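Data first, discussion second: the structure below is written as structure tokens.
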Amino acid sequence: MIVGERKPLQEIIKAVEPFEKILVLGCGECVTVCMAGGDKEAKETALAISVARKRAGKPVEVKSHTIERQCEFEYLEAGRKLIEDADVIVSLACGVGVQTMNMHYEDMRTLPGINTTFMGMPFQQGVWVENCLGCGNCVLEETMGICPIARCSKSMLNGPCGGSQDGKCEVSKETDCGWHLIVERLMKFDKLSALEEVKPPKDWSTSHSGGPRKMIREDVKL
Ligand code: SF4
Ligand code: SF4
């Protein structure tokens, strides 16, 4: 899922200062699950804006609403009346949702209310980890199901590097060395000899390094 955190409330309050009718728009998908931008957070944000503006002696009309999915045009119609009634939208969706809103309602301003961070796995309550960078050519089969792109700080295909110590990466004692984990899995499955095979350089053109990407599936395209 896409993981992010709501922007600091003060930042959101400042961003909507010039506006009189504000709609805080939550999204019912990833940001609801990661407790950053669902209905609860949309209501809280709207309340915080309203209280701050009353205190400042400049009361405003603030509403909140949650759309099932902000990253798809068809779902955005569900909120049209509320959206068009507002002077500005604060979107609590990920960056994809904010951009979809700005495309679909191009005459309106939709501001980001979330700092979108990464594709994450909910590891435990309140903890998410980045296990995939969407490189466009998955090598998990060769690395025992542990991603060397996301979980090695250098995205090395032939690891570990000399900085791996006691299972930790040289960038931080808090960071597991992805390649240490891969080696442990190789040992567990008696496949350590796989390390002798030197992997050729990866073709990064399938990743974001190749520029903005677009995926076209002719088999499902209308
Ligand atoms: S190899 Fe690429 S697609 Fe596979 S998990 Fe890693 S980043 Fe994601
Ligand atoms: S210590 Fe491990 S995770 Fe860190 S850069 Fe080296 S191989 Fe990658």
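By convention in this document, the chains of the structure tokens carry letters A, B, ... by their order, each chain's residues are numbered from 1, and ligands are numbered from 1 in the order they are shown.
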Using only C-alpha atoms and all ligand atoms, which residues of the polymer chains come no farther than 9 Å from ligand 1? I'd like the answer as a short mmCIF file (atom, residue, chain, number, x, y, z; two decimals) with C-alpha atoms, in the first residue's frame.
```cif
data_model
loop_
_atom_site.label_atom_id
_atom_site.label_comp_id
_atom_site.auth_asym_id
_atom_site.auth_seq_id
_atom_site.Cartn_x
_atom_site.Cartn_y
_atom_site.Cartn_z
CA ASN A 131 10.14 -3.41 0.73
CA CYS A 132 9.68 -2.58 -2.95
CA LEU A 133 10.75 0.39 -5.10
CA GLY A 134 8.74 -0.65 -8.15
CA CYS A 135 11.84 -1.19 -10.30
CA GLY A 136 9.79 -2.69 -13.14
CA ASN A 137 11.80 -5.91 -13.41
CA CYS A 138 11.48 -8.00 -10.27
CA VAL A 139 14.45 -10.07 -9.13
CA LEU A 140 12.95 -11.49 -5.94
CA GLU A 141 13.20 -14.98 -7.39
CA THR A 143 17.26 -13.16 -3.93
CA GLY A 145 12.18 -13.13 -1.77
CA ILE A 146 14.12 -10.22 -0.24
CA CYS A 147 14.41 -7.13 -2.39
CA PRO A 148 18.00 -5.95 -2.88
CA ILE A 149 16.77 -2.77 -4.57
CA ALA A 150 14.67 -1.51 -1.66
CA ARG A 151 16.34 -3.23 1.26
CA SER A 155 20.47 -1.23 -4.29
CA SER A 207 12.56 2.00 -13.09
#
```
Which protein, DNA or RNA residues have an atom within 10 Å of ligand 2, counting only C-alpha atoms and all ligand atoms, as a ChimeraX atom specification? /A:148-173,175-182
Distance criterion (only C-alpha atoms): nearest to A:Leu111 out of A:Ala78, A:Cys27, A:Val16, A:Val62: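 Looking at the shortest contact to A:Leu111, the residue is A:Val16.
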Could you please determine the separation between atom CA of A:Gln99 and atom CA of A:Asn115 in Å, to one decimal place? 13.3 Å
Might you pull out every residue within 9 Å of stretch 47-52 of chain A, with only C-alpha atoms counted and same-chain residues fewer than 6 positions away left off, and present them as a tab-separated table (two decimals) with N, CA and C atoms, in the first residue's frame?
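result18.tsv, freshly written:
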```tsv
chain	number	residue	atom	x	y	z
A	9	LEU	N	-0.47	19.97	11.13
A	9	LEU	CA	-1.70	20.76	11.02
A	9	LEU	C	-1.42	22.24	10.78
A	10	GLN	N	-0.37	22.75	11.42
A	10	GLN	CA	-0.06	24.18	11.24
A	10	GLN	C	0.24	24.50	9.79
A	12	ILE	N	-0.97	22.89	7.16
A	12	ILE	CA	-2.24	22.85	6.42
A	12	ILE	C	-3.04	24.12	6.69
A	13	ILE	N	-3.09	24.52	7.95
A	13	ILE	CA	-3.85	25.73	8.33
A	13	ILE	C	-3.29	26.95	7.60
A	16	VAL	N	-4.26	27.09	3.81
A	16	VAL	CA	-5.65	27.44	3.44
A	16	VAL	C	-6.04	28.85	3.91
A	22	ILE	N	-13.66	25.74	2.69
A	22	ILE	CA	-12.62	24.71	2.59
A	22	ILE	C	-13.25	23.32	2.70
A	58	LYS	N	-11.13	34.87	12.16
A	58	LYS	CA	-11.52	34.82	10.74
A	58	LYS	C	-12.24	33.51	10.47
A	59	PRO	N	-13.46	33.37	11.02
A	59	PRO	CA	-14.14	32.09	10.87
A	59	PRO	C	-14.37	31.72	9.39
A	60	VAL	N	-14.34	30.43	9.13
A	60	VAL	CA	-14.53	29.94	7.76
A	60	VAL	C	-15.51	28.79	7.75
A	61	GLU	N	-15.97	28.46	6.56
A	61	GLU	CA	-16.81	27.27	6.41
A	61	GLU	C	-15.89	26.11	6.05
A	62	VAL	N	-15.82	25.13	6.92
A	62	VAL	CA	-14.96	23.97	6.65
A	62	VAL	C	-15.80	22.70	6.69
A	63	LYS	N	-15.73	21.94	5.63
A	63	LYS	CA	-16.45	20.66	5.59
A	63	LYS	C	-15.44	19.54	5.37
A	64	SER	N	-15.88	18.33	5.69
A	64	SER	CA	-15.03	17.18	5.36
A	64	SER	C	-15.88	16.12	4.67
```
From stretch 34-194 of chain A, collect each residue whose DSSP state is strand (DSSP E) and return the set as number ranges by chain. A: 61-67, 88-91, 110-112, 114-124, 127-130
Would you kindly return, as number ranges by chain, each protein, DNA or RNA residue with an atom no farther than 6 Å from any atom of stretch 86-95 of chain A, considering only C-alpha atoms and excluding same-chain residues fewer than 4 positions away? A: 21-27, 37, 109-114, 116
Could you dump the residues just selected with C-alpha atoms as an mmCIF file, in the first residue's frame?
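Result file is again_3.cif:
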```
data_model
loop_
_atom_site.group_PDB
_atom_site.id
_atom_site.type_symbol
_atom_site.label_atom_id
_atom_site.label_comp_id
_atom_site.auth_asym_id
_atom_site.auth_seq_id
_atom_site.Cartn_x
_atom_site.Cartn_y
_atom_site.Cartn_z
ATOM 1 C CA LYS A 21 -14.817 27.707 1.968
ATOM 2 C CA ILE A 22 -12.615 24.711 2.587
ATOM 3 C CA LEU A 23 -13.268 21.043 1.921
ATOM 4 C CA VAL A 24 -11.003 18.445 3.514
ATOM 5 C CA LEU A 25 -11.214 15.377 1.323
ATOM 6 C CA GLY A 26 -10.225 11.986 2.706
ATOM 7 C CA CYS A 27 -9.591 8.845 0.672
ATOM 8 C CA GLY A 37 -6.023 10.368 5.414
ATOM 9 C CA ARG A 109 -7.142 24.129 -6.454
ATOM 10 C CA THR A 110 -6.516 20.863 -4.609
ATOM 11 C CA LEU A 111 -3.736 21.142 -2.045
ATOM 12 C CA PRO A 112 -1.810 18.178 -0.602
ATOM 13 C CA GLY A 113 -2.511 17.323 3.021
ATOM 14 C CA ILE A 114 -0.324 14.224 3.130
ATOM 15 C CA THR A 116 3.391 10.534 0.640
#
```
Show which residues sit within 9 Å of A:Glu84, as a ChimeraX atom specification. Count only C-alpha atoms, and ignore same-chain residues fewer than 5 positions away. /A:79,105,108
Per DSSP on the backbone, what are the helix (DSSP H, G or I) residues of chain A, as a ChimeraX atom specification? /A:9-15,30-33,39-55,73-85,95-104,140-143,148-151,178-188,192-196,204-206,208-210
Could those selected residues go to a file with C-alpha atoms, as a PDB file, in the first residue's frame?
```
ATOM      1  CA  LEU A   9      -1.702  20.759  11.015  1.00  0.00           C
ATOM      2  CA  GLN A  10      -0.058  24.177  11.243  1.00  0.00           C
ATOM      3  CA  GLU A  11       1.235  23.744   7.706  1.00  0.00           C
ATOM      4  CA  ILE A  12      -2.244  22.848   6.416  1.00  0.00           C
ATOM      5  CA  ILE A  13      -3.849  25.727   8.333  1.00  0.00           C
ATOM      6  CA  LYS A  14      -1.338  28.166   6.812  1.00  0.00           C
ATOM      7  CA  ALA A  15      -1.876  26.802   3.296  1.00  0.00           C
ATOM      8  CA  CYS A  30      -4.378   3.140   1.434  1.00  0.00           C
ATOM      9  CA  VAL A  31      -4.343   6.346   3.504  1.00  0.00           C
ATOM     10  CA  THR A  32      -7.296   5.088   5.533  1.00  0.00           C
ATOM     11  CA  VAL A  33      -5.479   1.843   6.261  1.00  0.00           C
ATOM     12  CA  ASP A  39     -12.612   9.842   7.238  1.00  0.00           C
ATOM     13  CA  LYS A  40     -11.412  10.198  10.836  1.00  0.00           C
ATOM     14  CA  GLU A  41      -8.363  12.234   9.854  1.00  0.00           C
ATOM     15  CA  ALA A  42     -10.426  14.338   7.431  1.00  0.00           C
ATOM     16  CA  LYS A  43     -12.860  15.240  10.233  1.00  0.00           C
ATOM     17  CA  GLU A  44     -10.002  15.993  12.651  1.00  0.00           C
ATOM     18  CA  THR A  45      -8.263  18.186  10.082  1.00  0.00           C
ATOM     19  CA  ALA A  46     -11.454  20.091   9.285  1.00  0.00           C
ATOM     20  CA  LEU A  47     -12.055  20.684  12.996  1.00  0.00           C
ATOM     21  CA  ALA A  48      -8.480  21.873  13.533  1.00  0.00           C
ATOM     22  CA  ILE A  49      -8.769  24.362  10.651  1.00  0.00           C
ATOM     23  CA  SER A  50     -12.119  25.608  11.915  1.00  0.00           C
ATOM     24  CA  VAL A  51     -10.858  26.108  15.493  1.00  0.00           C
ATOM     25  CA  ALA A  52      -7.671  27.848  14.337  1.00  0.00           C
ATOM     26  CA  ARG A  53      -9.594  30.270  12.115  1.00  0.00           C
ATOM     27  CA  LYS A  54     -12.130  31.049  14.850  1.00  0.00           C
ATOM     28  CA  ARG A  55      -9.257  31.801  17.228  1.00  0.00           C
ATOM     29  CA  PHE A  73     -11.572   9.637 -12.155  1.00  0.00           C
ATOM     30  CA  GLU A  74     -14.789   7.645 -11.844  1.00  0.00           C
ATOM     31  CA  TYR A  75     -14.824   7.848  -8.048  1.00  0.00           C
ATOM     32  CA  LEU A  76     -14.266  11.613  -8.038  1.00  0.00           C
ATOM     33  CA  GLU A  77     -17.732  12.327  -9.399  1.00  0.00           C
ATOM     34  CA  ALA A  78     -19.270  11.127  -6.119  1.00  0.00           C
ATOM     35  CA  GLY A  79     -18.148  14.315  -4.385  1.00  0.00           C
ATOM     36  CA  ARG A  80     -18.771  16.812  -7.222  1.00  0.00           C
ATOM     37  CA  LYS A  81     -21.355  18.981  -5.441  1.00  0.00           C
ATOM     38  CA  LEU A  82     -19.279  19.390  -2.292  1.00  0.00           C
ATOM     39  CA  ILE A  83     -16.090  19.869  -4.287  1.00  0.00           C
ATOM     40  CA  GLU A  84     -17.525  22.573  -6.538  1.00  0.00           C
ATOM     41  CA  ASP A  85     -19.048  24.388  -3.567  1.00  0.00           C
ATOM     42  CA  GLY A  95       0.257  12.301  -4.236  1.00  0.00           C
ATOM     43  CA  VAL A  96      -1.451  10.294  -6.976  1.00  0.00           C
ATOM     44  CA  GLY A  97      -4.872  11.188  -5.582  1.00  0.00           C
ATOM     45  CA  VAL A  98      -3.988  14.891  -5.290  1.00  0.00           C
ATOM     46  CA  GLN A  99      -2.883  14.959  -8.926  1.00  0.00           C
ATOM     47  CA  THR A 100      -5.953  13.057 -10.102  1.00  0.00           C
ATOM     48  CA  MET A 101      -8.113  15.639  -8.316  1.00  0.00           C
ATOM     49  CA  ASN A 102      -6.243  18.515  -9.953  1.00  0.00           C
ATOM     50  CA  MET A 103      -6.690  16.880 -13.379  1.00  0.00           C
ATOM     51  CA  HIS A 104     -10.359  16.060 -12.938  1.00  0.00           C
ATOM     52  CA  LEU A 140      12.952 -11.490  -5.935  1.00  0.00           C
ATOM     53  CA  GLU A 141      13.196 -14.979  -7.388  1.00  0.00           C
ATOM     54  CA  GLU A 142      17.008 -14.646  -7.416  1.00  0.00           C
ATOM     55  CA  THR A 143      17.262 -13.161  -3.932  1.00  0.00           C
ATOM     56  CA  PRO A 148      18.003  -5.952  -2.884  1.00  0.00           C
ATOM     57  CA  ILE A 149      16.765  -2.769  -4.570  1.00  0.00           C
ATOM     58  CA  ALA A 150      14.672  -1.510  -1.664  1.00  0.00           C
ATOM     59  CA  ARG A 151      16.340  -3.226   1.257  1.00  0.00           C
ATOM     60  CA  GLY A 178      19.229  -6.455   3.099  1.00  0.00           C
ATOM     61  CA  TRP A 179      22.042  -8.588   1.775  1.00  0.00           C
ATOM     62  CA  HIS A 180      22.683 -10.106   5.191  1.00  0.00           C
ATOM     63  CA  LEU A 181      19.044 -11.204   5.175  1.00  0.00           C
ATOM     64  CA  ILE A 182      19.408 -12.592   1.654  1.00  0.00           C
ATOM     65  CA  VAL A 183      22.514 -14.579   2.658  1.00  0.00           C
ATOM     66  CA  GLU A 184      20.706 -15.977   5.703  1.00  0.00           C
ATOM     67  CA  ARG A 185      17.854 -17.151   3.458  1.00  0.00           C
ATOM     68  CA  LEU A 186      20.291 -18.650   0.940  1.00  0.00           C
ATOM     69  CA  MET A 187      21.944 -20.600   3.765  1.00  0.00           C
ATOM     70  CA  LYS A 188      18.590 -21.775   5.078  1.00  0.00           C
ATOM     71  CA  LEU A 192      24.731 -20.192  -0.805  1.00  0.00           C
ATOM     72  CA  SER A 193      26.584 -21.097  -3.998  1.00  0.00           C
ATOM     73  CA  ALA A 194      24.200 -18.705  -5.825  1.00  0.00           C
ATOM     74  CA  LEU A 195      26.405 -15.890  -4.509  1.00  0.00           C
ATOM     75  CA  GLU A 196      29.215 -17.043  -6.800  1.00  0.00           C
ATOM     76  CA  TRP A 204      17.347   0.673 -14.788  1.00  0.00           C
ATOM     77  CA  SER A 205      15.326   2.035 -17.700  1.00  0.00           C
ATOM     78  CA  THR A 206      12.306   0.111 -16.371  1.00  0.00           C
ATOM     79  CA  HIS A 208      11.932   5.692 -12.430  1.00  0.00           C
ATOM     80  CA  SER A 209      15.567   6.284 -13.412  1.00  0.00           C
ATOM     81  CA  GLY A 210      14.406   5.831 -16.999  1.00  0.00           C
TER      82      GLY A 210
END
```
Just the number, please: distance in Å from atom CA of A:Thr66 to atom CA of A:Met35, one decimal. 13.3 Å
Computed interatomic separation between atom CA of A:Glu72 and atom CA of A:Gly28 (Å):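 Separation of atom CA of A:Glu72 and atom CA of A:Gly28: 12.0 Å.
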